[in-house]
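Visitor: CSV, C-alpha atoms (C1' of nucleotides), saved as entry-v9.csv, coming up:
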```csv
chain,number,residue,atom,x,y,z
A,101,MET,CA,6.6,67.4,22.3
A,102,ARG,CA,5.4,64.0,21.3
A,103,GLU,CA,6.5,62.3,24.5
A,104,ALA,CA,5.7,65.1,26.9
A,105,HIS,CA,2.1,64.1,27.7
A,106,HIS,CA,2.1,60.9,29.8
A,107,ALA,CA,4.9,58.8,28.4
A,108,GLU,CA,5.9,57.8,31.9
A,109,CYS,CA,2.7,55.8,32.1
A,110,PRO,CA,3.8,52.2,31.8
A,111,MET,CA,0.7,50.9,30.2
A,112,ASP,CA,1.0,53.6,27.6
A,113,SER,CA,4.6,52.7,26.8
A,114,LEU,CA,3.6,49.1,26.4
A,115,LEU,CA,0.7,49.9,24.2
A,116,ARG,CA,3.0,52.2,22.1
A,117,LEU,CA,5.4,49.3,21.8
A,118,LEU,CA,2.8,46.9,20.6
A,119,MET,CA,1.2,49.2,18.1
A,120,GLY,CA,3.5,50.1,15.1
A,121,PRO,CA,2.3,48.8,11.8
A,122,TRP,CA,4.1,45.5,12.1
A,123,THR,CA,5.0,45.0,15.7
A,124,SER,CA,2.2,42.7,16.9
A,125,TYR,CA,2.5,40.7,13.7
A,126,ILE,CA,6.2,40.1,14.3
A,127,ILE,CA,5.4,38.8,17.8
A,128,TRP,CA,2.7,36.7,16.4
A,129,VAL,CA,5.0,35.1,13.8
A,130,LEU,CA,7.7,34.5,16.4
A,131,ARG,CA,5.1,33.0,18.7
A,132,ASN,CA,3.8,30.6,16.0
A,133,GLU,CA,7.0,29.8,14.3
A,134,GLY,CA,9.5,29.8,17.1
A,135,PRO,CA,13.0,31.2,16.7
A,136,THR,CA,13.3,32.7,13.3
A,137,ARG,CA,16.1,34.3,11.3
A,138,PHE,CA,16.0,37.8,10.0
A,139,GLY,CA,15.6,36.9,6.4
A,140,GLU,CA,12.9,34.3,7.1
A,141,LEU,CA,11.1,36.8,9.3
A,142,LYS,CA,11.2,39.3,6.5
A,143,ARG,CA,9.8,36.8,4.1
A,144,LYS,CA,7.1,35.7,6.5
A,145,VAL,CA,5.9,39.2,7.2
A,146,SER,CA,5.9,39.8,3.5
A,147,GLY,CA,5.8,43.5,2.8
A,148,ILE,CA,7.9,44.9,5.5
A,149,SER,CA,11.2,46.5,4.6
A,150,ALA,CA,14.5,45.6,6.1
A,151,LYS,CA,14.8,49.0,7.6
A,152,VAL,CA,11.5,48.9,9.5
A,153,LEU,CA,11.9,45.2,10.4
A,154,THR,CA,15.3,46.1,12.0
A,155,GLU,CA,13.8,49.0,13.7
A,156,ARG,CA,10.9,47.0,15.2
A,157,LEU,CA,13.2,44.2,16.2
A,158,ARG,CA,15.6,46.5,18.0
A,159,MET,CA,12.7,48.2,19.8
A,160,LEU,CA,11.3,44.8,20.8
A,161,GLU,CA,14.7,43.6,21.9
A,162,GLY,CA,15.3,46.8,23.9
A,163,ALA,CA,12.0,46.2,25.7
A,164,GLY,CA,13.0,42.7,26.5
A,165,LEU,CA,10.3,41.1,24.5
A,166,LEU,CA,12.6,39.1,22.3
A,167,THR,CA,16.2,38.0,22.1
A,168,ARG,CA,18.6,38.4,19.3
A,169,HIS,CA,21.2,35.7,18.8
A,170,HIS,CA,24.0,36.7,16.6
A,171,GLU,CA,26.2,33.9,15.2
A,172,PRO,CA,29.2,35.7,13.7
A,173,THR,CA,29.8,33.2,11.0
A,174,ILE,CA,30.5,34.6,7.6
A,175,PRO,CA,27.2,34.5,6.1
A,176,PRO,CA,26.0,35.8,9.5
A,177,GLN,CA,23.1,34.1,11.2
A,178,VAL,CA,20.9,36.2,13.4
A,179,THR,CA,18.0,34.5,15.1
A,180,TYR,CA,15.2,36.2,16.9
A,181,ALA,CA,13.1,34.5,19.5
A,182,LEU,CA,10.5,35.5,22.1
A,183,ALA,CA,12.0,36.3,25.4
A,184,PRO,CA,10.2,35.4,28.7
A,185,ARG,CA,8.5,38.8,28.6
A,186,GLY,CA,7.4,38.1,25.1
A,187,GLU,CA,5.9,34.8,26.2
A,188,GLU,CA,4.2,36.6,29.0
A,189,LEU,CA,2.5,38.9,26.5
A,190,ARG,CA,1.1,35.9,24.6
A,191,GLY,CA,-1.8,35.6,27.0
A,192,ILE,CA,-2.7,39.2,26.7
A,193,LEU,CA,-2.4,39.1,23.0
A,194,ASP,CA,-4.6,36.0,22.8
A,195,THR,CA,-7.2,37.7,25.0
A,196,LEU,CA,-7.1,40.8,22.9
A,197,ASN,CA,-7.4,38.7,19.8
A,198,SER,CA,-10.4,36.7,21.0
A,199,VAL,CA,-12.1,39.9,22.1
A,200,ALA,CA,-11.5,41.5,18.7
A,201,LEU,CA,-12.7,38.3,17.0
A,202,ARG,CA,-15.9,38.2,19.1
A,203,TRP,CA,-16.7,41.8,18.4
A,204,ARG,CA,-16.2,41.3,14.7
A,205,ALA,CA,-18.5,38.2,14.9
A,206,GLU,CA,-21.1,40.2,16.8
A,207,ASP,CA,-20.9,43.0,14.2
A,208,GLN,CA,-21.3,40.5,11.4
A,209,THR,CA,-24.2,38.7,13.0
A,210,GLN,CA,-26.0,42.0,13.6
A,211,GLN,CA,-25.6,42.9,10.0
A,212,GLY,CA,-26.7,39.5,8.7
A,213,GLN,CA,-23.7,37.4,7.9
A,214,ILE,CA,-22.3,38.9,4.7
A,215,GLY,CA,-19.1,37.1,4.4
A,216,GLY,CA,-20.1,33.5,5.3
A,217,ASP,CA,-17.9,31.8,7.9
A,218,LYS,CA,-14.9,34.1,8.2
A,219,THR,CA,-14.3,32.6,11.7
A,220,ALA,CA,-10.5,32.4,11.3
A,221,ASP,CA,-8.9,32.5,14.8
A,222,SER,CA,-6.3,35.1,13.9
A,223,CYS,CA,-4.5,36.9,11.1
A,224,MET,CA,-2.0,34.2,11.1
A,225,PRO,CA,-3.3,30.9,9.6
A,226,ALA,CA,0.3,29.7,9.8
A,227,ALA,CA,0.6,28.1,6.4
A,228,ASP,CA,-1.2,30.0,3.7
A,229,LYS,CA,-2.2,33.5,2.7
A,230,PRO,CA,0.3,35.0,0.2
A,231,ALA,CA,-0.7,38.4,1.5
A,232,ALA,CA,-2.1,40.2,-1.6
A,233,ALA,CA,0.5,41.0,-4.2
A,234,PRO,CA,3.0,38.1,-4.1
A,235,ALA,CA,6.1,39.9,-5.0
A,236,ASP,CA,5.1,43.1,-6.8
A,237,SER,CA,3.8,45.5,-4.2
A,238,LYS,CA,5.2,48.5,-6.1
A,239,THR,CA,2.3,48.8,-8.5
A,240,VAL,CA,1.5,52.5,-8.1
A,241,SER,CA,-2.1,53.0,-7.2
A,242,ALA,CA,-1.9,56.6,-6.0
B,1119,MET,CA,0.1,51.8,1.4
B,1120,ARG,CA,-0.1,52.2,5.1
B,1121,GLU,CA,-3.0,49.8,5.6
B,1122,ALA,CA,-2.1,47.3,3.0
B,1123,HIS,CA,-0.1,44.9,5.2
B,1124,HIS,CA,-2.5,43.1,7.5
B,1125,ALA,CA,-5.0,45.6,8.6
B,1126,GLU,CA,-7.7,43.0,8.3
B,1127,CYS,CA,-6.3,41.4,11.4
B,1128,PRO,CA,-8.8,42.2,14.2
B,1129,MET,CA,-6.2,42.2,16.9
B,1130,ASP,CA,-4.1,44.6,15.0
B,1131,SER,CA,-7.0,46.9,14.4
B,1132,LEU,CA,-7.8,46.9,18.1
B,1133,LEU,CA,-4.2,47.6,19.0
B,1134,ARG,CA,-4.1,50.4,16.5
B,1135,LEU,CA,-7.2,51.8,18.1
B,1136,LEU,CA,-5.8,51.7,21.5
B,1137,MET,CA,-2.4,53.2,20.6
B,1138,GLY,CA,-2.6,56.8,19.6
B,1139,PRO,CA,-0.8,59.3,21.9
B,1140,TRP,CA,-3.8,59.8,24.1
B,1141,THR,CA,-6.3,57.1,23.5
B,1142,SER,CA,-5.6,54.8,26.3
B,1143,TYR,CA,-5.4,57.7,28.6
B,1144,ILE,CA,-8.8,58.9,27.6
B,1145,ILE,CA,-10.3,55.5,28.3
B,1146,TRP,CA,-8.5,55.5,31.6
B,1147,VAL,CA,-10.0,58.8,32.6
B,1148,LEU,CA,-13.4,57.8,31.6
B,1149,ARG,CA,-13.0,54.6,33.5
B,1150,ASN,CA,-11.9,56.4,36.7
B,1151,GLU,CA,-14.1,59.5,36.5
B,1152,GLY,CA,-17.2,58.1,34.9
B,1153,PRO,CA,-19.2,60.1,32.3
B,1154,THR,CA,-17.3,63.2,31.5
B,1155,ARG,CA,-18.0,66.3,29.4
B,1156,PHE,CA,-15.7,67.4,26.6
B,1157,GLY,CA,-14.3,70.4,28.3
B,1158,GLU,CA,-13.6,68.5,31.5
B,1159,LEU,CA,-12.0,65.7,29.6
B,1160,LYS,CA,-9.8,68.2,27.8
B,1161,ARG,CA,-8.8,69.7,31.2
B,1162,LYS,CA,-8.2,66.3,32.7
B,1163,VAL,CA,-6.0,65.1,29.9
B,1164,SER,CA,-4.2,68.4,30.1
B,1165,GLY,CA,-2.1,68.9,27.0
B,1166,ILE,CA,-4.3,67.5,24.4
B,1167,SER,CA,-5.7,69.8,21.7
B,1168,ALA,CA,-9.4,70.0,21.0
B,1169,LYS,CA,-8.7,68.7,17.5
B,1170,VAL,CA,-7.0,65.5,18.6
B,1171,LEU,CA,-9.3,65.0,21.4
B,1172,THR,CA,-12.3,65.2,19.1
B,1173,GLU,CA,-10.5,62.9,16.7
B,1174,ARG,CA,-9.8,60.3,19.3
B,1175,LEU,CA,-13.3,60.5,20.7
B,1176,ARG,CA,-14.9,60.0,17.3
B,1177,MET,CA,-12.6,57.1,16.6
B,1178,LEU,CA,-13.4,55.5,20.0
B,1179,GLU,CA,-17.1,56.2,19.5
B,1180,GLY,CA,-17.0,54.6,16.0
B,1181,ALA,CA,-15.4,51.5,17.5
B,1182,GLY,CA,-18.2,51.3,20.0
B,1183,LEU,CA,-15.9,51.8,23.0
B,1184,LEU,CA,-17.7,54.9,24.2
B,1185,THR,CA,-20.9,56.7,23.8
B,1186,ARG,CA,-21.5,60.4,23.1
B,1187,HIS,CA,-24.5,62.0,24.6
B,1188,HIS,CA,-25.3,65.4,23.0
B,1189,GLU,CA,-27.6,67.7,24.9
B,1190,PRO,CA,-28.6,70.5,22.5
B,1191,THR,CA,-29.0,73.1,25.1
B,1192,ILE,CA,-27.5,76.4,24.3
B,1193,PRO,CA,-24.3,76.1,26.0
B,1194,PRO,CA,-24.2,72.6,24.5
B,1195,GLN,CA,-23.4,69.7,26.8
B,1196,VAL,CA,-21.7,66.7,25.3
B,1197,THR,CA,-21.0,63.9,27.7
B,1198,TYR,CA,-18.8,60.9,26.9
B,1199,ALA,CA,-18.9,57.6,28.8
B,1200,LEU,CA,-17.6,54.1,28.4
B,1201,ALA,CA,-19.8,51.9,26.3
B,1202,PRO,CA,-20.2,48.2,27.1
B,1203,ARG,CA,-17.2,47.4,24.9
B,1204,GLY,CA,-15.2,50.0,26.6
B,1205,GLU,CA,-16.0,48.4,29.9
B,1206,GLU,CA,-15.0,45.0,28.5
B,1207,LEU,CA,-11.6,46.5,27.6
B,1208,ARG,CA,-11.1,47.5,31.2
B,1209,GLY,CA,-9.9,44.0,32.2
B,1210,ILE,CA,-7.4,43.8,29.4
B,1211,LEU,CA,-6.2,47.3,30.1
B,1212,ASP,CA,-5.8,46.4,33.8
B,1213,THR,CA,-3.8,43.3,33.0
B,1214,LEU,CA,-1.7,45.2,30.6
B,1215,ASN,CA,-1.1,47.8,33.2
B,1216,SER,CA,-0.2,45.4,35.9
B,1217,VAL,CA,2.2,43.6,33.6
B,1218,ALA,CA,3.8,46.9,32.6
B,1219,LEU,CA,4.0,47.9,36.3
B,1220,ARG,CA,5.6,44.6,37.3
B,1221,TRP,CA,8.2,44.9,34.5
B,1222,ARG,CA,9.1,48.3,35.6
B,1223,ALA,CA,9.4,47.2,39.2
B,1224,GLU,CA,11.6,44.3,38.1
B,1225,ASP,CA,13.8,46.6,36.2
B,1226,GLN,CA,14.1,49.0,39.1
B,1227,THR,CA,14.9,46.3,41.5
B,1228,GLN,CA,17.5,44.9,39.2
B,1229,GLN,CA,19.1,48.3,38.9
B,1230,GLY,CA,19.0,49.1,42.7
B,1231,GLN,CA,16.0,51.3,43.4
B,1232,ILE,CA,16.9,54.7,42.1
B,1233,GLY,CA,13.7,56.5,42.4
B,1234,GLY,CA,12.5,55.3,45.8
B,1235,ASP,CA,9.0,54.0,45.9
B,1236,LYS,CA,7.5,54.9,42.6
B,1237,THR,CA,5.0,52.1,43.0
B,1238,ALA,CA,2.0,54.1,41.7
B,1239,ASP,CA,-0.6,51.7,40.3
B,1240,SER,CA,-1.1,53.6,37.1
B,1241,CYS,CA,-0.6,56.9,35.3
B,1242,MET,CA,-3.9,58.1,36.8
B,1243,PRO,CA,-3.8,58.8,40.6
B,1244,ALA,CA,-7.4,60.0,40.2
B,1245,ALA,CA,-7.2,63.1,42.3
B,1246,ASP,CA,-4.0,65.0,41.9
B,1247,LYS,CA,-1.2,65.7,39.4
B,1248,PRO,CA,-1.8,69.2,37.9
B,1249,ALA,CA,0.3,68.0,35.0
B,1250,ALA,CA,2.6,70.9,34.2
B,1251,ALA,CA,0.8,74.1,33.2
B,1252,PRO,CA,-2.4,74.2,35.3
B,1253,ALA,CA,-4.7,76.3,33.2
B,1254,ASP,CA,-2.5,78.3,30.9
B,1255,SER,CA,-1.4,76.0,28.1
B,1256,LYS,CA,-1.3,78.8,25.6
B,1257,THR,CA,1.9,80.2,26.8
B,1258,VAL,CA,3.8,80.3,23.5
B,1259,SER,CA,7.0,78.4,23.8
B,1260,ALA,CA,7.8,78.0,20.1
C,543,DA,C1',36.7,37.4,-11.4
C,544,DA,C1',31.9,38.5,-10.9
C,545,DT,C1',27.8,37.5,-8.5
C,546,DT,C1',25.0,35.9,-4.7
C,547,DT,C1',23.8,35.6,0.2
C,548,DC,C1',23.3,37.3,4.9
C,549,DA,C1',22.0,41.0,8.0
C,550,DG,C1',21.7,44.9,8.1
C,551,DT,C1',22.8,50.6,7.4
C,552,DT,C1',22.3,55.0,5.2
C,553,DA,C1',20.3,58.6,2.5
C,554,DC,C1',16.4,60.5,0.5
C,555,DG,C1',11.6,61.6,-0.6
C,556,DA,C1',6.7,61.1,0.4
C,557,DA,C1',3.0,60.8,3.4
C,558,DA,C1',0.6,60.8,7.6
C,559,DA,C1',0.1,62.5,12.1
C,560,DG,C1',0.2,66.1,15.3
C,561,DA,C1',0.5,71.1,17.1
C,562,DT,C1',-1.2,75.7,17.0
C,563,DA,C1',-4.2,79.1,16.2
C,564,DA,C1',-8.2,81.2,14.4
C,565,DC,C1',-12.9,80.8,13.8
C,566,DT,C1',-18.1,79.1,14.3
C,567,DA,C1',-23.0,79.8,16.8
C,568,DC,C1',-25.4,81.1,20.7
C,569,DT,C1',-26.4,82.6,25.3
C,570,DT,C1',-25.3,84.3,29.7
C,571,DT,C1',-22.8,87.5,32.4
C,572,DA,C1',-20.5,91.9,33.5
D,860,DT,C1',-22.3,96.4,24.3
D,861,DA,C1',-18.4,93.5,25.1
D,862,DA,C1',-16.4,89.4,27.0
D,863,DA,C1',-16.6,84.6,28.3
D,864,DG,C1',-17.9,79.8,27.9
D,865,DT,C1',-19.5,75.5,25.3
D,866,DA,C1',-18.1,72.0,21.7
D,867,DG,C1',-16.2,71.8,18.3
D,868,DT,C1',-14.2,72.7,12.9
D,869,DT,C1',-10.8,74.4,9.6
D,870,DA,C1',-6.5,75.7,7.9
D,871,DT,C1',-1.7,75.8,8.0
D,872,DC,C1',2.9,74.4,9.6
D,873,DT,C1',6.0,71.2,11.6
D,874,DT,C1',7.5,66.7,13.1
D,875,DT,C1',7.6,61.9,12.7
D,876,DT,C1',7.2,57.9,10.3
D,877,DC,C1',7.4,55.0,6.4
D,878,DG,C1',8.9,53.2,2.0
D,879,DT,C1',12.5,52.7,-1.6
D,880,DA,C1',16.7,52.1,-3.2
D,881,DA,C1',21.6,51.9,-2.9
D,882,DC,C1',25.3,50.4,-0.2
D,883,DT,C1',28.3,47.6,3.3
D,884,DG,C1',31.8,43.2,4.1
D,885,DA,C1',33.4,38.7,3.5
D,886,DA,C1',32.9,34.1,2.1
D,887,DA,C1',30.9,30.7,-1.0
D,888,DT,C1',29.3,29.8,-5.5
D,889,DT,C1',29.5,30.0,-10.6
```
Before we go any further, please render this structure as structure tokens.
Guide:
Amino acid sequence: MREAHHAECPMDSLLRLLMGPWTSYIIWVLRNEGPTRFGELKRKVSGISAKVLTERLRMLEGAGLLTRHHEPTIPPQVTYALAPRGEELRGILDTLNSVALRWRAEDQTQQGQIGGDKTADSCMPAADKPAAAPADSKTVSA
Amino acid sequence: MREAHHAECPMDSLLRLLMGPWTSYIIWVLRNEGPTRFGELKRKVSGISAKVLTERLRMLEGAGLLTRHHEPTIPPQVTYALAPRGEELRGILDTLNSVALRWRAEDQTQQGQIGGDKTADSCMPAADKPAAAPADSKTVSA
DNA sequence: AATTTCAGTTACGAAAAGATAACTACTTTA
DNA sequence: TAAAGTAGTTATCTTTTCGTAACTGAAATT
């Protein structure tokens, strides 16, 4: 009964595709880093499990947003890259990103600049951000 | 641990806002029908529960995408409408919709037109689609 | 010979989200 | 007096999703 409402709406499907906890982030990485191998992707996203990464990757591949190139060497090499449709999405994602950024900026200005100049252009500075706990995310906090 | 990955990414938050099972549909209705009351909205979406509708509405209101006008008459009248930010989103939603539509069309053409001319411009034809059970959604089926 | 690496898969438990139904207050209508 | 309608809230149950950990195979490494 989860897909009985209006799943036939194309926009909704697309939105649903883009949403999951890591999905847009994966596309972002692929878009910034170019073709990336599974392990590297897993390292880049830093926090995702192999299971969910595989899941998302398969979903995205099924939707034609990215391609999977499997080199059947013995340490197998699987490389993921943005497919034409994934590239097409870049524009929308960029727009979405700039709108979100602007709104955040507006909110901050309205409240009186608390954080200084947090005017980063995305969540992907491409070469830093160890993403919280470097390698020990299993510190129970609940 | 569900929001520990990269929730601070503005685009991701926006995407997450837009995603829920009914969210984009609600915005779509508001966009096409203009200001709408709770009960009417619930009827229009046809299948959503009051609980989830309230939840989504509150979320959307909190994000500044829509406004809630509460008229404290005795049969209370609560009207929801798109806020400026909601209007701003219309363009993106339209783009997203057209891309999704085009992709679907491409897929259908590639497979040989099975369904005839399903070239509807959205999931919201604005004036028809009784959407399954017309007014009796409490027929127990479980 | 045992371990490591790659790219996953599988099983299992926990947590979040959603569905359903019952209930609220108050007035108007029958 | 009883029922219906408004806009929800609350509680409970079920479904789905997510995270963790263990496991796969085969070659290269130690």
Visitor: Just to confirm, what's the straight-line distance from CA of Trp1221 in chain B to CA of Ala163 in chain A in Å (one decimal)?
Guide: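 CA of Ala163 in chain A lies 9.7 Å from CA of Trp1221 in chain B.
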Visitor: Mind dumping a table of every chain B residue within 7 Å of chain A, with the nearest atom pair and its distance in Å to one decimal, using all atoms listed in the file, sorted by chain and rising number, as a Markdown table?
Guide:
```
| residue | atom | partner | partner_atom | distance |
| --- | --- | --- | --- | --- |
| B:His1123 | CA | A:Gly147 | CA | 6.5 |
| B:Cys1127 | CA | A:Cys223 | CA | 4.9 |
| B:Pro1128 | CA | A:Ala200 | CA | 5.3 |
| B:Met1129 | CA | A:Asn197 | CA | 4.7 |
| B:Asp1130 | CA | A:Ser124 | CA | 6.8 |
| B:Leu1132 | CA | A:Ala200 | CA | 6.6 |
| B:Leu1133 | CA | A:Met119 | CA | 5.7 |
| B:Arg1134 | CA | A:Met119 | CA | 5.7 |
| B:Met1137 | CA | A:Arg116 | CA | 5.7 |
| B:Ser1142 | CA | A:Asp112 | CA | 6.8 |
| B:Gly1165 | CA | A:His105 | CA | 6.4 |
| B:Leu1214 | CA | A:Met111 | CA | 6.2 |
| B:Asn1215 | CA | A:Met111 | CA | 4.7 |
| B:Ala1218 | CA | A:Pro110 | CA | 5.4 |
| B:Leu1219 | CA | A:Pro110 | CA | 6.2 |
| B:Ser1240 | CA | A:Cys109 | CA | 6.7 |
| B:Cys1241 | CA | A:Cys109 | CA | 4.7 |
```
Visitor: Print the selection's residues with C-alpha atoms to a file, as a PDB file, keeping the file's coordinate frame.
Guide:
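Saved to selection-v5.pdb:
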```
ATOM      1  CA  HIS B1123      -0.100  44.900   5.200  1.00  0.00           C
ATOM      2  CA  CYS B1127      -6.300  41.400  11.400  1.00  0.00           C
ATOM      3  CA  PRO B1128      -8.800  42.200  14.200  1.00  0.00           C
ATOM      4  CA  MET B1129      -6.200  42.200  16.900  1.00  0.00           C
ATOM      5  CA  ASP B1130      -4.100  44.600  15.000  1.00  0.00           C
ATOM      6  CA  LEU B1132      -7.800  46.900  18.100  1.00  0.00           C
ATOM      7  CA  LEU B1133      -4.200  47.600  19.000  1.00  0.00           C
ATOM      8  CA  ARG B1134      -4.100  50.400  16.500  1.00  0.00           C
ATOM      9  CA  MET B1137      -2.400  53.200  20.600  1.00  0.00           C
ATOM     10  CA  SER B1142      -5.600  54.800  26.300  1.00  0.00           C
ATOM     11  CA  GLY B1165      -2.100  68.900  27.000  1.00  0.00           C
ATOM     12  CA  LEU B1214      -1.700  45.200  30.600  1.00  0.00           C
ATOM     13  CA  ASN B1215      -1.100  47.800  33.200  1.00  0.00           C
ATOM     14  CA  ALA B1218       3.800  46.900  32.600  1.00  0.00           C
ATOM     15  CA  LEU B1219       4.000  47.900  36.300  1.00  0.00           C
ATOM     16  CA  SER B1240      -1.100  53.600  37.100  1.00  0.00           C
ATOM     17  CA  CYS B1241      -0.600  56.900  35.300  1.00  0.00           C
TER      18      CYS B1241
END
```
Visitor: For a cutoff of 12 Å around the file-coordinate point (-11.5, 81.3, 17.7), which residues qualify once you count all atoms listed in the file? I'd like the result as a PyMOL selection string.
Guide: (chain B and resi 1168) or (chain C and resi 562-567) or (chain D and resi 867-869)
Visitor: Could you take the residues named above and write them with C-alpha atoms (C1' of nucleotides), as a CSV table (one decimal), in the coordinates of the input?
Guide:
```
chain,number,residue,atom,x,y,z
B,1168,ALA,CA,-9.4,70.0,21.0
C,562,DT,C1',-1.2,75.7,17.0
C,563,DA,C1',-4.2,79.1,16.2
C,564,DA,C1',-8.2,81.2,14.4
C,565,DC,C1',-12.9,80.8,13.8
C,566,DT,C1',-18.1,79.1,14.3
C,567,DA,C1',-23.0,79.8,16.8
D,867,DG,C1',-16.2,71.8,18.3
D,868,DT,C1',-14.2,72.7,12.9
D,869,DT,C1',-10.8,74.4,9.6
```
Visitor: What is the distance, in Å and to one decimal place, between CA of Glu1179 in chain B and C1' of DT865 in chain D?
Guide: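 We find that CA of Glu1179 in chain B and C1' of DT865 in chain D lie 20.3 Å from each other.
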Visitor: I'd like the neighbourhood of range 870-885 of chain D as number ranges by chain, where a residue qualifies if any of its atoms comes within 10 Å (using all atoms listed in the file), though same-chain residues fewer than 6 positions away should be ignored.
Guide: A: 101-102, 120-121, 148-149, 151-152, 173-176, 238; B: 1119-1120; C: 550-564
Visitor: How far is it from C1' of DT545 in chain C to CA of Glu140 in chain A, in Å with one decimal?
Guide: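 Distance between the two atoms: 21.8 Å.
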Visitor: Would you list the contacts of Arg1149 in chain B as a list of chain:residue names, taking every protein, DNA or RNA residue within 10 Å and counting all atoms listed in the file, but skipping same-chain residues closer than 2 positions in sequence?
Guide: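 With the cut-off at 10 Å, the set is B:Tyr1143, B:Ile1144, B:Ile1145, B:Trp1146, B:Val1147, B:Glu1151, B:Gly1152, B:Pro1153, B:Thr1154, B:Ala1199, B:Leu1200, B:Gly1204, B:Glu1205, B:Arg1208.
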Visitor: Counting only C-alpha atoms (C1' of nucleotides), figure out which residue out of A:Arg156, A:Leu165, A:Gln177, A:Asn132 gets nearest to chain C.
Guide: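 Distance minimum relative to chain C lands on A:Gln177.
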Visitor: Within 7 Å of chain A, which residues of chain C are there when counting all atoms listed in the file? Please give them as a PyMOL selection string.
Guide: chain C and resi 547-549
Visitor: Ranking B:Leu1148, B:Leu1178, B:Leu1184, B:Thr1197 by minimum distance to chain D and counting only C-alpha atoms (C1' of nucleotides), which one comes first?
Guide: B:Thr1197
Visitor: For range 1212-1223 of chain B, which lacks atoms in the input, supply N, CA, C and O atoms and format the output as a PDB file, keeping the file's coordinate frame.
Guide:
```
ATOM      1  N   ASP B1212      -6.336  46.648  32.457  1.00  0.00           N
ATOM      2  CA  ASP B1212      -5.800  46.400  33.800  1.00  0.00           C
ATOM      3  C   ASP B1212      -4.671  45.427  33.798  1.00  0.00           C
ATOM      4  O   ASP B1212      -3.642  45.628  34.436  1.00  0.00           O
ATOM      5  N   THR B1213      -4.893  44.336  33.068  1.00  0.00           N
ATOM      6  CA  THR B1213      -3.800  43.300  33.000  1.00  0.00           C
ATOM      7  C   THR B1213      -2.587  43.897  32.372  1.00  0.00           C
ATOM      8  O   THR B1213      -1.490  43.737  32.898  1.00  0.00           O
ATOM      9  N   LEU B1214      -2.796  44.598  31.281  1.00  0.00           N
ATOM     10  CA  LEU B1214      -1.700  45.200  30.600  1.00  0.00           C
ATOM     11  C   LEU B1214      -0.946  46.159  31.535  1.00  0.00           C
ATOM     12  O   LEU B1214       0.281  46.179  31.613  1.00  0.00           O
ATOM     13  N   ASN B1215      -1.716  46.895  32.278  1.00  0.00           N
ATOM     14  CA  ASN B1215      -1.100  47.800  33.200  1.00  0.00           C
ATOM     15  C   ASN B1215      -0.350  47.141  34.309  1.00  0.00           C
ATOM     16  O   ASN B1215       0.769  47.553  34.627  1.00  0.00           O
ATOM     17  N   SER B1216      -0.897  46.068  34.837  1.00  0.00           N
ATOM     18  CA  SER B1216      -0.200  45.400  35.900  1.00  0.00           C
ATOM     19  C   SER B1216       1.094  44.742  35.405  1.00  0.00           C
ATOM     20  O   SER B1216       2.120  44.744  36.084  1.00  0.00           O
ATOM     21  N   VAL B1217       1.023  44.218  34.193  1.00  0.00           N
ATOM     22  CA  VAL B1217       2.200  43.600  33.600  1.00  0.00           C
ATOM     23  C   VAL B1217       3.297  44.716  33.424  1.00  0.00           C
ATOM     24  O   VAL B1217       4.449  44.539  33.818  1.00  0.00           O
ATOM     25  N   ALA B1218       2.868  45.823  32.874  1.00  0.00           N
ATOM     26  CA  ALA B1218       3.800  46.900  32.600  1.00  0.00           C
ATOM     27  C   ALA B1218       4.418  47.387  33.968  1.00  0.00           C
ATOM     28  O   ALA B1218       5.616  47.648  34.071  1.00  0.00           O
ATOM     29  N   LEU B1219       3.557  47.462  34.972  1.00  0.00           N
ATOM     30  CA  LEU B1219       4.000  47.900  36.300  1.00  0.00           C
ATOM     31  C   LEU B1219       5.006  46.913  36.885  1.00  0.00           C
ATOM     32  O   LEU B1219       6.038  47.299  37.435  1.00  0.00           O
ATOM     33  N   ARG B1220       4.686  45.645  36.749  1.00  0.00           N
ATOM     34  CA  ARG B1220       5.600  44.600  37.300  1.00  0.00           C
ATOM     35  C   ARG B1220       6.928  44.661  36.604  1.00  0.00           C
ATOM     36  O   ARG B1220       7.967  44.614  37.244  1.00  0.00           O
ATOM     37  N   TRP B1221       6.906  44.793  35.296  1.00  0.00           N
ATOM     38  CA  TRP B1221       8.200  44.900  34.500  1.00  0.00           C
ATOM     39  C   TRP B1221       8.996  46.034  34.996  1.00  0.00           C
ATOM     40  O   TRP B1221      10.197  45.922  35.181  1.00  0.00           O
ATOM     41  N   ARG B1222       8.330  47.146  35.167  1.00  0.00           N
ATOM     42  CA  ARG B1222       9.100  48.300  35.600  1.00  0.00           C
ATOM     43  C   ARG B1222       9.671  48.112  36.978  1.00  0.00           C
ATOM     44  O   ARG B1222      10.822  48.446  37.226  1.00  0.00           O
ATOM     45  N   ALA B1223       8.875  47.511  37.845  1.00  0.00           N
ATOM     46  CA  ALA B1223       9.400  47.200  39.200  1.00  0.00           C
ATOM     47  C   ALA B1223      10.571  46.287  39.123  1.00  0.00           C
ATOM     48  O   ALA B1223      11.582  46.508  39.785  1.00  0.00           O
TER      49      ALA B1223
END
```
